[in-house]
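One file, model_18.txt, carrying compact mmCIF, C-alpha atoms and all ligand atoms:
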```txt
# COMPACT_ATOMS: atom_id res chain seq x y z
CA MET F 1 29.69 -0.66 -9.48
CA THR F 2 27.97 -0.47 -6.13
CA GLN F 3 24.65 -2.25 -5.72
CA LEU F 4 21.69 -0.37 -4.20
CA ALA F 5 18.81 -2.81 -4.78
CA THR F 6 17.12 -4.09 -1.63
CA THR F 7 13.76 -5.23 -0.28
CA TYR F 8 11.22 -3.63 2.05
CA LEU F 9 8.13 -5.47 3.38
CA GLY F 10 9.06 -8.23 0.92
CA LEU F 11 8.84 -5.83 -2.04
CA GLU F 12 11.73 -5.44 -4.49
CA LEU F 13 13.21 -1.92 -4.42
CA GLN F 14 15.80 -0.34 -6.73
CA SER F 15 17.27 1.53 -3.74
CA PRO F 16 16.80 1.86 0.03
CA LEU F 17 15.63 5.49 -0.34
CA VAL F 18 11.86 5.66 0.04
CA ILE F 19 9.77 8.81 -0.31
CA SER F 20 7.51 9.06 2.72
CA SER F 21 4.00 10.53 2.74
CA ASN F 22 3.95 14.13 1.54
CA PRO F 23 1.88 16.20 -0.89
CA TYR F 24 4.20 15.40 -3.87
CA THR F 25 3.54 11.67 -3.81
CA ILE F 26 -0.08 12.09 -4.95
CA GLU F 27 1.16 13.63 -8.24
CA ILE F 28 1.72 10.88 -10.82
CA ASP F 29 4.22 12.85 -12.92
CA GLN F 30 6.26 13.71 -9.80
CA VAL F 31 6.28 10.08 -8.69
CA ALA F 32 7.45 9.04 -12.17
CA ARG F 33 10.39 11.46 -11.75
CA MET F 34 11.11 10.12 -8.25
CA ALA F 35 11.36 6.62 -9.76
CA GLU F 36 13.63 7.92 -12.53
CA PHE F 37 15.98 9.53 -9.99
CA GLY F 38 16.24 6.23 -8.11
CA ALA F 39 13.60 6.23 -5.35
CA GLY F 40 12.90 2.70 -4.10
CA ALA F 41 9.20 3.24 -3.38
CA VAL F 42 6.72 5.99 -2.51
CA ILE F 43 4.17 6.31 0.26
CA LEU F 44 1.04 8.24 -0.71
CA PRO F 45 -0.31 11.00 1.55
CA SER F 46 -2.63 9.61 4.22
CA LEU F 47 -6.34 9.08 4.02
CA PHE F 48 -7.71 10.00 7.43
CA GLU F 49 -10.17 8.05 9.55
CA GLU F 50 -12.25 11.22 10.14
CA GLN F 51 -12.27 11.98 6.43
CA LEU F 52 -13.40 8.47 5.49
CA GLN F 53 -16.15 8.49 8.11
CA LEU F 54 -17.40 11.90 6.98
CA GLU F 55 -17.35 10.89 3.32
CA ASP F 56 -19.34 7.78 4.22
CA SER F 57 -21.94 9.92 5.92
CA GLY F 58 -22.49 12.19 2.92
CA TRP F 59 -19.85 14.86 3.59
CA ASP F 60 -19.71 15.68 -0.12
CA ARG F 61 -23.34 16.77 -0.01
CA LEU F 62 -22.81 18.64 3.27
CA LYS F 63 -19.99 20.66 1.72
CA LEU F 64 -22.41 21.96 -0.91
CA LEU F 65 -24.34 23.74 1.82
CA ASP F 66 -23.50 27.30 2.68
CA GLY F 67 -20.70 27.10 5.32
CA ARG F 68 -22.77 29.20 7.74
CA GLU F 69 -25.38 26.45 7.94
CA LEU F 70 -22.86 24.00 9.38
CA PRO F 71 -21.84 23.70 13.03
CA GLU F 72 -18.46 25.27 13.74
CA GLY F 73 -16.82 21.91 14.53
CA LEU F 74 -17.63 20.64 11.06
CA ILE F 75 -16.54 23.77 9.21
CA LYS F 76 -13.11 23.45 10.85
CA ILE F 77 -12.52 19.91 9.53
CA PRO F 78 -10.52 20.33 6.31
CA ASP F 79 -11.73 18.12 3.48
CA MET F 80 -8.08 17.18 2.66
CA GLN F 81 -8.84 17.26 -1.10
CA GLY F 82 -5.66 19.31 -1.64
CA LEU F 83 -3.49 16.76 0.15
CA ASN F 84 -5.02 13.46 -0.96
CA LYS F 85 -7.80 14.18 -3.52
CA GLY F 86 -10.52 12.71 -1.26
CA ALA F 87 -11.27 8.99 -0.88
CA SER F 88 -12.54 8.30 -4.39
CA GLY F 89 -9.98 10.60 -6.06
CA TYR F 90 -7.26 8.78 -4.09
CA LEU F 91 -8.35 5.39 -5.40
CA ALA F 92 -8.56 6.52 -9.03
CA ASN F 93 -5.18 8.23 -8.71
CA LEU F 94 -3.57 5.15 -7.15
CA TYR F 95 -4.93 2.96 -9.92
CA GLN F 96 -3.52 5.30 -12.60
CA MET F 97 -0.21 5.67 -10.77
CA LYS F 98 0.28 1.91 -10.67
CA LYS F 99 -0.22 1.79 -14.44
CA THR F 100 2.38 4.53 -14.98
CA VAL F 101 5.27 3.83 -12.57
CA ASP F 102 7.10 0.61 -11.88
CA ILE F 103 8.23 1.18 -8.29
CA PRO F 104 6.09 0.00 -5.36
CA VAL F 105 3.34 2.40 -4.31
CA ILE F 106 2.33 2.18 -0.66
CA ALA F 107 -1.02 3.63 0.42
CA SER F 108 -1.33 5.32 3.80
CA LEU F 109 -4.16 5.20 6.31
CA ASN F 110 -4.14 7.47 9.33
CA GLY F 111 -6.40 6.68 12.24
CA THR F 112 -6.69 5.49 15.81
CA SER F 113 -9.84 3.45 16.34
CA LEU F 114 -11.22 0.17 15.13
CA GLY F 115 -14.21 0.99 12.93
CA GLY F 116 -15.84 0.69 9.52
CA TRP F 117 -13.21 2.93 7.95
CA ILE F 118 -10.60 0.16 8.05
CA ARG F 119 -12.36 -1.62 5.19
CA TYR F 120 -10.68 0.99 2.97
CA ALA F 121 -7.53 -1.08 3.36
CA ARG F 122 -9.17 -3.76 1.19
CA ILE F 123 -10.33 -1.18 -1.35
CA LEU F 124 -6.80 0.24 -1.52
CA GLU F 125 -5.46 -3.26 -2.15
CA SER F 126 -7.95 -3.70 -5.02
CA ALA F 127 -6.85 -0.37 -6.50
CA GLY F 128 -3.32 -1.74 -6.71
CA ALA F 129 -1.54 -0.66 -3.50
CA ASP F 130 1.58 -2.78 -2.96
CA ALA F 131 1.36 -2.34 0.81
CA ILE F 132 -0.43 -0.26 3.44
CA GLU F 133 1.28 2.07 5.88
CA LEU F 134 -0.89 2.60 8.92
CA ASN F 135 -0.09 5.83 10.70
CA ILE F 136 -1.41 5.67 14.25
CA TYR F 137 -1.37 9.32 15.28
CA ASN F 138 -2.87 9.14 18.71
CA LEU F 139 -2.41 11.67 21.50
CA PRO F 140 -3.63 10.09 24.75
CA ILE F 141 -5.33 12.90 26.69
CA LYS F 142 -7.66 11.03 29.07
CA PRO F 143 -6.01 10.43 32.44
CA TRP F 144 -7.98 7.22 33.00
CA VAL F 145 -6.66 5.50 29.85
CA THR F 146 -3.68 3.35 30.77
CA GLY F 147 -0.65 2.72 28.60
CA LYS F 148 -1.65 -0.93 28.33
CA GLU F 149 -5.15 -0.05 27.06
CA LEU F 150 -3.67 2.24 24.48
CA GLU F 151 -1.20 -0.35 23.28
CA ASN F 152 -3.99 -2.93 23.02
CA ARG F 153 -5.90 -0.47 20.84
CA TYR F 154 -2.89 -0.21 18.54
CA LEU F 155 -2.63 -3.95 18.41
CA HIS F 156 -6.33 -4.49 17.62
CA LEU F 157 -6.14 -1.91 14.87
CA VAL F 158 -3.18 -3.68 13.29
CA GLU F 159 -4.92 -7.06 13.58
CA GLY F 160 -8.13 -5.55 12.13
CA ILE F 161 -6.36 -4.17 9.08
CA LYS F 162 -4.32 -7.31 8.67
CA ASN F 163 -7.59 -9.26 8.46
CA GLU F 164 -8.77 -7.05 5.60
CA VAL F 165 -5.81 -7.48 3.25
CA ASN F 166 -3.24 -9.87 1.85
CA ILE F 167 -0.65 -7.20 1.09
CA PRO F 168 1.99 -6.32 3.73
CA ILE F 169 1.35 -3.61 6.29
CA ALA F 170 3.75 -1.28 8.06
CA VAL F 171 2.92 0.72 11.17
CA LYS F 172 4.17 4.30 11.58
CA LEU F 173 4.63 4.96 15.27
CA ASN F 174 5.61 7.68 17.68
CA PRO F 175 8.38 7.04 20.21
CA TYR F 176 6.30 7.70 23.34
CA PHE F 177 5.86 4.24 24.86
CA SER F 178 6.95 3.17 28.30
CA SER F 179 8.59 0.07 26.81
CA LEU F 180 9.09 0.66 23.13
CA PRO F 181 10.85 -2.70 22.44
CA HIS F 182 7.89 -4.59 23.94
CA THR F 183 5.34 -2.58 21.92
CA CYS F 184 7.33 -3.16 18.74
CA ARG F 185 7.49 -6.88 19.39
CA GLU F 186 3.74 -7.01 20.05
CA LEU F 187 2.97 -5.19 16.81
CA PHE F 188 5.13 -7.59 14.83
CA SER F 189 3.41 -10.58 16.45
CA GLY F 190 0.03 -8.94 15.70
CA GLY F 191 0.84 -9.10 11.99
CA ALA F 192 2.77 -5.94 11.14
CA ASN F 193 5.42 -6.61 8.49
CA GLY F 194 7.30 -3.42 9.20
CA LEU F 195 7.60 -0.50 11.60
CA VAL F 196 8.24 3.07 10.50
CA LEU F 197 10.08 4.98 13.22
CA PHE F 198 9.09 7.67 14.11
CA ASN F 199 6.13 9.94 13.49
CA ARG F 200 6.83 13.61 14.14
CA PHE F 201 4.20 15.27 16.30
CA TYR F 202 3.45 18.69 14.92
CA GLN F 203 3.19 20.93 17.95
CA PRO F 204 0.68 23.77 17.69
CA ASP F 205 2.04 27.20 18.59
CA PHE F 206 0.29 29.51 21.08
CA ASP F 207 -1.06 32.79 19.68
CA ILE F 208 -1.03 34.87 22.90
CA ASP F 209 -2.84 37.87 21.35
CA ASN F 210 -5.87 35.86 20.29
CA GLU F 211 -5.50 33.17 22.97
CA MET F 212 -5.71 30.35 20.51
CA ALA F 213 -3.65 27.32 19.47
CA VAL F 214 -2.46 27.59 15.89
CA PRO F 215 -1.28 24.72 13.69
CA LYS F 216 2.38 24.85 12.73
CA ILE F 217 4.24 22.59 10.35
CA ALA F 218 8.01 22.85 10.08
CA TYR F 219 10.42 20.75 8.08
CA SER F 220 12.59 18.38 10.07
CA ASP F 221 16.13 18.98 11.16
CA PRO F 222 18.91 16.34 10.76
CA GLU F 223 19.25 16.39 14.60
CA GLU F 224 15.93 14.51 14.72
CA LEU F 225 17.64 11.52 13.17
CA LEU F 226 19.57 10.80 16.38
CA LEU F 227 16.54 9.50 18.29
CA ARG F 228 15.71 7.17 15.39
CA LEU F 229 19.28 5.90 14.98
CA ARG F 230 19.52 5.06 18.63
CA TRP F 231 16.24 3.13 18.77
CA VAL F 232 16.70 1.25 15.52
CA SER F 233 20.22 0.30 16.60
CA LEU F 234 18.87 -0.97 19.94
CA LEU F 235 15.93 -2.82 18.37
CA TYR F 236 17.87 -4.46 15.53
CA GLY F 237 18.09 -8.21 16.08
CA GLN F 238 15.53 -8.05 18.89
CA VAL F 239 12.43 -7.79 16.70
CA GLU F 240 11.31 -9.83 13.72
CA GLY F 241 10.50 -7.69 10.70
CA ASP F 242 11.61 -4.65 8.76
CA MET F 243 12.27 -1.28 10.31
CA ALA F 244 12.24 1.95 8.33
CA ILE F 245 13.52 5.30 9.56
CA THR F 246 11.53 8.46 8.89
CA GLY F 247 12.54 11.79 10.40
CA GLY F 248 15.73 13.76 9.94
CA ILE F 249 17.25 12.02 6.89
CA HIS F 250 18.51 14.82 4.65
CA SER F 251 21.73 13.56 3.02
CA GLY F 252 23.32 10.41 1.63
CA ARG F 253 25.37 10.08 4.81
CA ASP F 254 22.16 10.22 6.87
CA LEU F 255 20.77 7.37 4.78
CA ILE F 256 23.94 5.33 5.36
CA LYS F 257 23.62 5.91 9.12
CA ALA F 258 19.99 4.70 9.04
CA ILE F 259 20.91 1.47 7.27
CA MET F 260 23.97 0.87 9.44
CA ALA F 261 21.75 1.28 12.53
CA GLY F 262 19.61 -1.54 11.14
CA ALA F 263 16.89 0.08 9.03
CA GLN F 264 15.79 -1.76 5.92
CA VAL F 265 15.15 1.59 4.22
CA GLY F 266 15.41 5.30 4.99
CA MET F 267 12.63 7.71 4.10
CA ILE F 268 12.63 11.38 3.15
CA ALA F 269 9.94 14.07 3.01
CA SER F 270 11.43 17.38 4.26
CA ALA F 271 14.63 17.02 2.22
CA LEU F 272 12.58 16.38 -0.91
CA LEU F 273 10.28 19.33 -0.27
CA LYS F 274 13.26 21.60 0.42
CA HIS F 275 15.59 20.55 -2.39
CA GLY F 276 13.32 19.04 -5.06
CA VAL F 277 13.11 15.63 -6.66
CA GLU F 278 16.69 15.79 -8.05
CA HIS F 279 17.92 15.51 -4.45
CA ILE F 280 17.12 11.78 -4.60
CA ARG F 281 19.93 11.27 -7.14
CA THR F 282 22.29 13.53 -5.17
CA MET F 283 21.74 11.45 -2.04
CA LEU F 284 22.14 8.12 -3.81
CA ASP F 285 25.33 9.33 -5.55
CA GLU F 286 26.69 10.26 -2.13
CA VAL F 287 25.87 6.78 -0.82
CA GLN F 288 27.54 5.10 -3.79
CA THR F 289 30.66 7.28 -3.61
CA TRP F 290 31.04 6.53 0.10
CA MET F 291 30.50 2.79 -0.45
CA ALA F 292 33.10 2.78 -3.24
CA SER F 293 35.60 4.58 -0.97
CA LYS F 294 35.10 1.83 1.63
CA GLU F 295 35.11 -0.92 -1.02
CA ILE F 296 31.60 -2.02 -0.08
CA GLY F 297 29.82 -3.46 -3.11
CA ASP F 298 26.31 -4.11 -1.81
CA VAL F 299 24.24 -1.71 0.29
CA ASN F 300 22.70 -4.68 2.11
CA ASP F 301 26.11 -5.44 3.62
CA LEU F 302 25.84 -2.20 5.59
CA ARG F 303 22.66 -3.16 7.42
CA GLY F 304 23.02 -3.47 11.18
CA ARG F 305 26.78 -2.81 11.16
CA MET F 306 26.16 -0.17 13.81
CA SER F 307 23.42 -2.00 15.69
CA HIS F 308 23.81 -2.21 19.46
CA ASN F 309 25.67 -5.51 19.43
CA ARG F 310 28.10 -4.56 16.67
CA ILE F 311 28.74 -0.86 17.20
CA LYS F 312 31.95 0.27 18.90
CA ALA F 313 31.35 1.76 22.37
CA PRO F 314 27.72 0.49 22.65
CA PHE F 315 27.48 1.93 26.17
CA HIS F 316 26.96 5.34 24.53
CA LEU F 317 23.61 4.06 23.30
CA VAL F 318 22.27 3.39 26.77
CA ARG F 319 22.39 4.93 30.25
CA ALA F 320 26.13 5.50 30.35
CA ASN F 321 25.68 8.04 27.57
CA TYR F 322 23.56 10.20 29.84
CA MET F 323 26.17 10.20 32.58
CA GLN F 324 29.05 10.88 30.17
CA VAL F 325 27.25 13.70 28.40
CA LEU F 326 26.58 15.46 31.70
CA ASP F 327 30.12 14.80 32.85
CA SER F 328 31.56 16.25 29.64
CA HIS F 329 29.97 19.66 30.23
CA PRO F 330 32.63 22.33 30.97
CA LYS F 331 33.07 22.99 34.67
CA ALA F 332 35.21 26.12 34.66
CA TYR F 333 33.01 29.07 35.61
CA ASP F 334 34.08 32.50 34.36
CA PRO F 335 32.65 34.95 36.95
CA ASP F 336 33.40 38.04 34.77
CA ALA F 337 31.46 36.72 31.82
CA GLY F 338 28.92 34.95 34.04
CA ILE F 339 29.14 31.78 31.91
CA PHE F 340 30.65 28.34 31.95
CA GLU F 341 33.75 28.25 29.73
CA ASN F 342 33.52 26.02 26.71
C1 LIG F 401 3.99 18.70 4.16
C2 LIG F 401 4.02 17.34 4.81
C3 LIG F 401 2.93 16.49 4.68
C4 LIG F 401 2.94 15.24 5.31
N1 LIG F 401 1.86 14.40 5.17
C5 LIG F 401 1.87 13.19 5.78
C6 LIG F 401 0.77 12.30 5.67
O1 LIG F 401 -0.23 12.58 4.98
N2 LIG F 401 0.84 11.11 6.32
C7 LIG F 401 1.93 10.74 7.05
O2 LIG F 401 1.96 9.63 7.60
N3 LIG F 401 3.00 11.55 7.17
C8 LIG F 401 2.98 12.76 6.56
N4 LIG F 401 4.06 13.59 6.69
C9 LIG F 401 5.21 13.14 7.51
C10 LIG F 401 6.34 12.61 6.62
O3 LIG F 401 5.93 11.51 5.86
C11 LIG F 401 7.57 12.19 7.46
O4 LIG F 401 7.28 11.06 8.24
C12 LIG F 401 8.09 13.30 8.37
O5 LIG F 401 8.07 14.55 7.72
C13 LIG F 401 9.49 13.01 8.87
O6 LIG F 401 10.37 12.81 7.80
P1 LIG F 401 11.36 13.96 7.23
O7 LIG F 401 12.28 14.32 8.32
O8 LIG F 401 12.04 13.32 6.06
O9 LIG F 401 10.49 15.11 6.83
C14 LIG F 401 4.07 14.84 6.07
C15 LIG F 401 5.16 15.69 6.16
C16 LIG F 401 5.16 16.92 5.54
C17 LIG F 401 6.38 17.82 5.69
```
As structure tokens - that is how I would like this structure written.
Amino acid sequence: MTQLATTYLGLELQSPLVISSNPYTIEIDQVARMAEFGAGAVILPSLFEEQLQLEDSGWDRLKLLDGRELPEGLIKIPDMQGLNKGASGYLANLYQMKKTVDIPVIASLNGTSLGGWIRYARILESAGADAIELNIYNLPIKPWVTGKELENRYLHLVEGIKNEVNIPIAVKLNPYFSSLPHTCRELFSGGANGLVLFNRFYQPDFDIDNEMAVPKIAYSDPEELLLRLRWVSLLYGQVEGDMAITGGIHSGRDLIKAIMAGAQVGMIASALLKHGVEHIRTMLDEVQTWMASKEIGDVNDLRGRMSHNRIKAPFHLVRANYMQVLDSHPKAYDPDAGIFEN
């Protein structure tokens, strides 16, 4: 029998398949089913910095006012009750969830600046969170803010939250850093126990008829996994701490790739939303069947087998890949069809 148990952020997990933040993970009965089907842990939907600050300043009372009495900017801020039940609902729900399920439950905070809202990390710990995932969703739009300043902000935020709690924290990051390995190393030295790679930026679409930007959320595509595989493979062995992959994992084979690149766990949201909770078992069965076919007994023996210093043809991970990919493009031009032959 193949063994799937592992650890993440020092927590014991029944499998390396973790359910990342999504609207299902706030539902206690759904999370109980996820655990039954073999999920290693769940991450709750995020509580947002803006939401926590507004709630602190009496947002609940403001909402009771007729919408027309509020400035437009405030009306546009969603209260997020549907996604995360609001700050107090979130805490009560977390507390109940911990009493019902026996897999680790990781709370999620989403913000960018050091402020009073980070004390919620401590409150989440008291409500029973096994760890905190800090999602730093920051789009730098001021031309005078340097990369270094931004990275220092990330670091101070991690240190600030670390000071609030005794439970482990993971940082969910985007890939847009000038030296990602350096940033990752800094975050680990600042106290992060894990890094979750990578955030997807939801790009707003342009409505040309009404000349406005419109929010657009689309499920991920397995192609998105490639960026994550490459970076985790390159970072493995160079940073101290756990790495998790989020983005583009849809099948058991995708999960195997993530672990072989060097991830401690692989996370799913889109695949779960598309195929339902039963998909967890389907994916884990696929992992176990593949392991059995390769006579690998323990999933932990897969970790890092395709990291940059163990993978065959490692030059494909770095610059040589770029040159080879361009060189492999067909060169025969068909003038009748007006295309390059493939
Ligand atoms: C409907 C939906 C809601 C999400 N909500 C959150 C959230 O509250 N906080 C967060 O950090 N990520 C959130 N995510 C991002 C996912 O946790 C995940 O990182 C991302 O979708 C990439 O993984 P995937 O390819 O498995 O979907 C959400 C994703 C979806 C599709």
Which residue is closest to Val265 of chain F? Choose from F:Ala35, F:Val42, F:Met283, F:Ile245 and count only C-alpha atoms.
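The closest residue to Val265 of chain F is F:Ile245.
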One residue among F:Ser293, F:Gln51, F:Thr183, F:Asn174 is nearest to Tyr202 of chain F when using all atoms listed in the file, and that residue is F:Asn174
Contacts of Gly115 of chain F at 9 Å (all atoms listed in the file; same-chain gap of 4+ positions) as a VMD selection string:
chain F and resid 49 119 157 160
Can you tell me which residues come within 8 Å of ligand LIG 401 (chain F) when counting only C-alpha atoms and all ligand atoms, ideally as JSON, numbers by chain?
{"F": [19, 20, 21, 22, 23, 43, 44, 45, 46, 47, 83, 84, 108, 109, 110, 133, 134, 135, 172, 198, 199, 200, 217, 218, 219, 220, 221, 222, 224, 225, 246, 247, 248, 249, 250, 267, 268, 269, 270, 271, 272, 273]}
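Across the model, the gap from atom CA of Tyr95 of chain F to atom CA of Ile132 of chain F is 14.5 Å.
Of the listed residues F:Glu151, F:Asp327, F:Asp301, F:Asp334, the one whose atoms come nearest to Ala5 of chain F is F:Asp301, with distances taken using only C-alpha atoms.
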Atom pair atom CA of Ala107 of chain F / atom CA of Glu50 of chain F: separation (Å)
16.7 Å
Can you pull out the residues contacting Arg310 of chain F? Cut-off 12 Å, using all atoms listed in the file, and skip same-chain residues under 6 positions away; I want them as a PyMOL selection string.
chain F and resi 233-234+236-237+260-262+302-304+317
Point-to-point distance from atom CA of Leu114 of chain F to atom CA of Lys216 of chain F, Å rounded to tenths
28.3 Å
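If only C-alpha atoms are the atoms counted, then among F:Pro181, F:Glu223, F:Leu235, F:Val171 the closest residue to Asn309 of chain F is F:Leu235.
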Point out the residue among F:Leu229, F:Asp285, F:Gly252, F:Arg33 with the least atom-to-atom distance to Ile311 of chain F, counting only C-alpha atoms.
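Closest residue, counting only C-alpha atoms: F:Leu229.
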Using all atoms listed in the file, the shortest atom-to-atom distance to Lys148 of chain F among F:Phe48, F:Met1, F:Glu295, F:Ser179 belongs to F:Ser179
Counting only C-alpha atoms, which residues have an atom no more than 12 Å from (22.2, 3.2, 24.5) in the file's coordinates? Please list them as a ChimeraX atom specification.
/F:226-235,306-309,311-324
Would you mind putting back N, CA and C atoms on segment 95-110 of chain F, then writing it out as a PDB file, in the coordinates of the input?
```pdb
ATOM      1  N   TYR F  95      -4.771   3.901  -8.821  1.00  0.00           N
ATOM      2  CA  TYR F  95      -4.930   2.960  -9.920  1.00  0.00           C
ATOM      3  C   TYR F  95      -4.137   3.434 -11.150  1.00  0.00           C
ATOM      4  N   GLN F  96      -4.248   4.736 -11.456  1.00  0.00           N
ATOM      5  CA  GLN F  96      -3.520   5.300 -12.600  1.00  0.00           C
ATOM      6  C   GLN F  96      -2.017   5.284 -12.336  1.00  0.00           C
ATOM      7  N   MET F  97      -1.638   5.610 -11.105  1.00  0.00           N
ATOM      8  CA  MET F  97      -0.210   5.670 -10.770  1.00  0.00           C
ATOM      9  C   MET F  97       0.438   4.297 -10.965  1.00  0.00           C
ATOM     10  N   LYS F  98      -0.262   3.267 -10.548  1.00  0.00           N
ATOM     11  CA  LYS F  98       0.280   1.910 -10.670  1.00  0.00           C
ATOM     12  C   LYS F  98       0.465   1.516 -12.132  1.00  0.00           C
ATOM     13  N   LYS F  99      -0.364   2.115 -13.016  1.00  0.00           N
ATOM     14  CA  LYS F  99      -0.220   1.790 -14.440  1.00  0.00           C
ATOM     15  C   LYS F  99       0.947   2.549 -15.057  1.00  0.00           C
ATOM     16  N   THR F 100       1.362   3.641 -14.394  1.00  0.00           N
ATOM     17  CA  THR F 100       2.380   4.530 -14.980  1.00  0.00           C
ATOM     18  C   THR F 100       3.793   4.261 -14.445  1.00  0.00           C
ATOM     19  N   VAL F 101       3.910   3.962 -13.143  1.00  0.00           N
ATOM     20  CA  VAL F 101       5.270   3.830 -12.570  1.00  0.00           C
ATOM     21  C   VAL F 101       5.538   2.372 -12.195  1.00  0.00           C
ATOM     22  N   ASP F 102       6.819   2.008 -12.201  1.00  0.00           N
ATOM     23  CA  ASP F 102       7.100   0.610 -11.880  1.00  0.00           C
ATOM     24  C   ASP F 102       7.856   0.433 -10.554  1.00  0.00           C
ATOM     25  N   ILE F 103       7.714   1.406  -9.651  1.00  0.00           N
ATOM     26  CA  ILE F 103       8.230   1.180  -8.290  1.00  0.00           C
ATOM     27  C   ILE F 103       7.018   0.936  -7.382  1.00  0.00           C
ATOM     28  N   PRO F 104       7.221   0.241  -6.249  1.00  0.00           N
ATOM     29  CA  PRO F 104       6.090   0.000  -5.360  1.00  0.00           C
ATOM     30  C   PRO F 104       5.442   1.288  -4.851  1.00  0.00           C
ATOM     31  N   VAL F 105       4.117   1.267  -4.815  1.00  0.00           N
ATOM     32  CA  VAL F 105       3.340   2.400  -4.310  1.00  0.00           C
ATOM     33  C   VAL F 105       2.603   1.922  -3.055  1.00  0.00           C
ATOM     34  N   ILE F 106       2.889   2.587  -1.950  1.00  0.00           N
ATOM     35  CA  ILE F 106       2.330   2.180  -0.660  1.00  0.00           C
ATOM     36  C   ILE F 106       1.267   3.190  -0.254  1.00  0.00           C
ATOM     37  N   ALA F 107       0.056   2.723   0.011  1.00  0.00           N
ATOM     38  CA  ALA F 107      -1.020   3.630   0.420  1.00  0.00           C
ATOM     39  C   ALA F 107      -0.908   3.868   1.920  1.00  0.00           C
ATOM     40  N   SER F 108      -1.459   4.994   2.381  1.00  0.00           N
ATOM     41  CA  SER F 108      -1.330   5.320   3.800  1.00  0.00           C
ATOM     42  C   SER F 108      -2.696   5.596   4.424  1.00  0.00           C
ATOM     43  N   LEU F 109      -2.947   4.945   5.547  1.00  0.00           N
ATOM     44  CA  LEU F 109      -4.160   5.200   6.310  1.00  0.00           C
ATOM     45  C   LEU F 109      -3.755   5.784   7.651  1.00  0.00           C
ATOM     46  N   ASN F 110      -4.490   6.800   8.086  1.00  0.00           N
ATOM     47  CA  ASN F 110      -4.140   7.470   9.330  1.00  0.00           C
ATOM     48  C   ASN F 110      -5.356   7.452  10.246  1.00  0.00           C
TER      49      ASN F 110
END
```
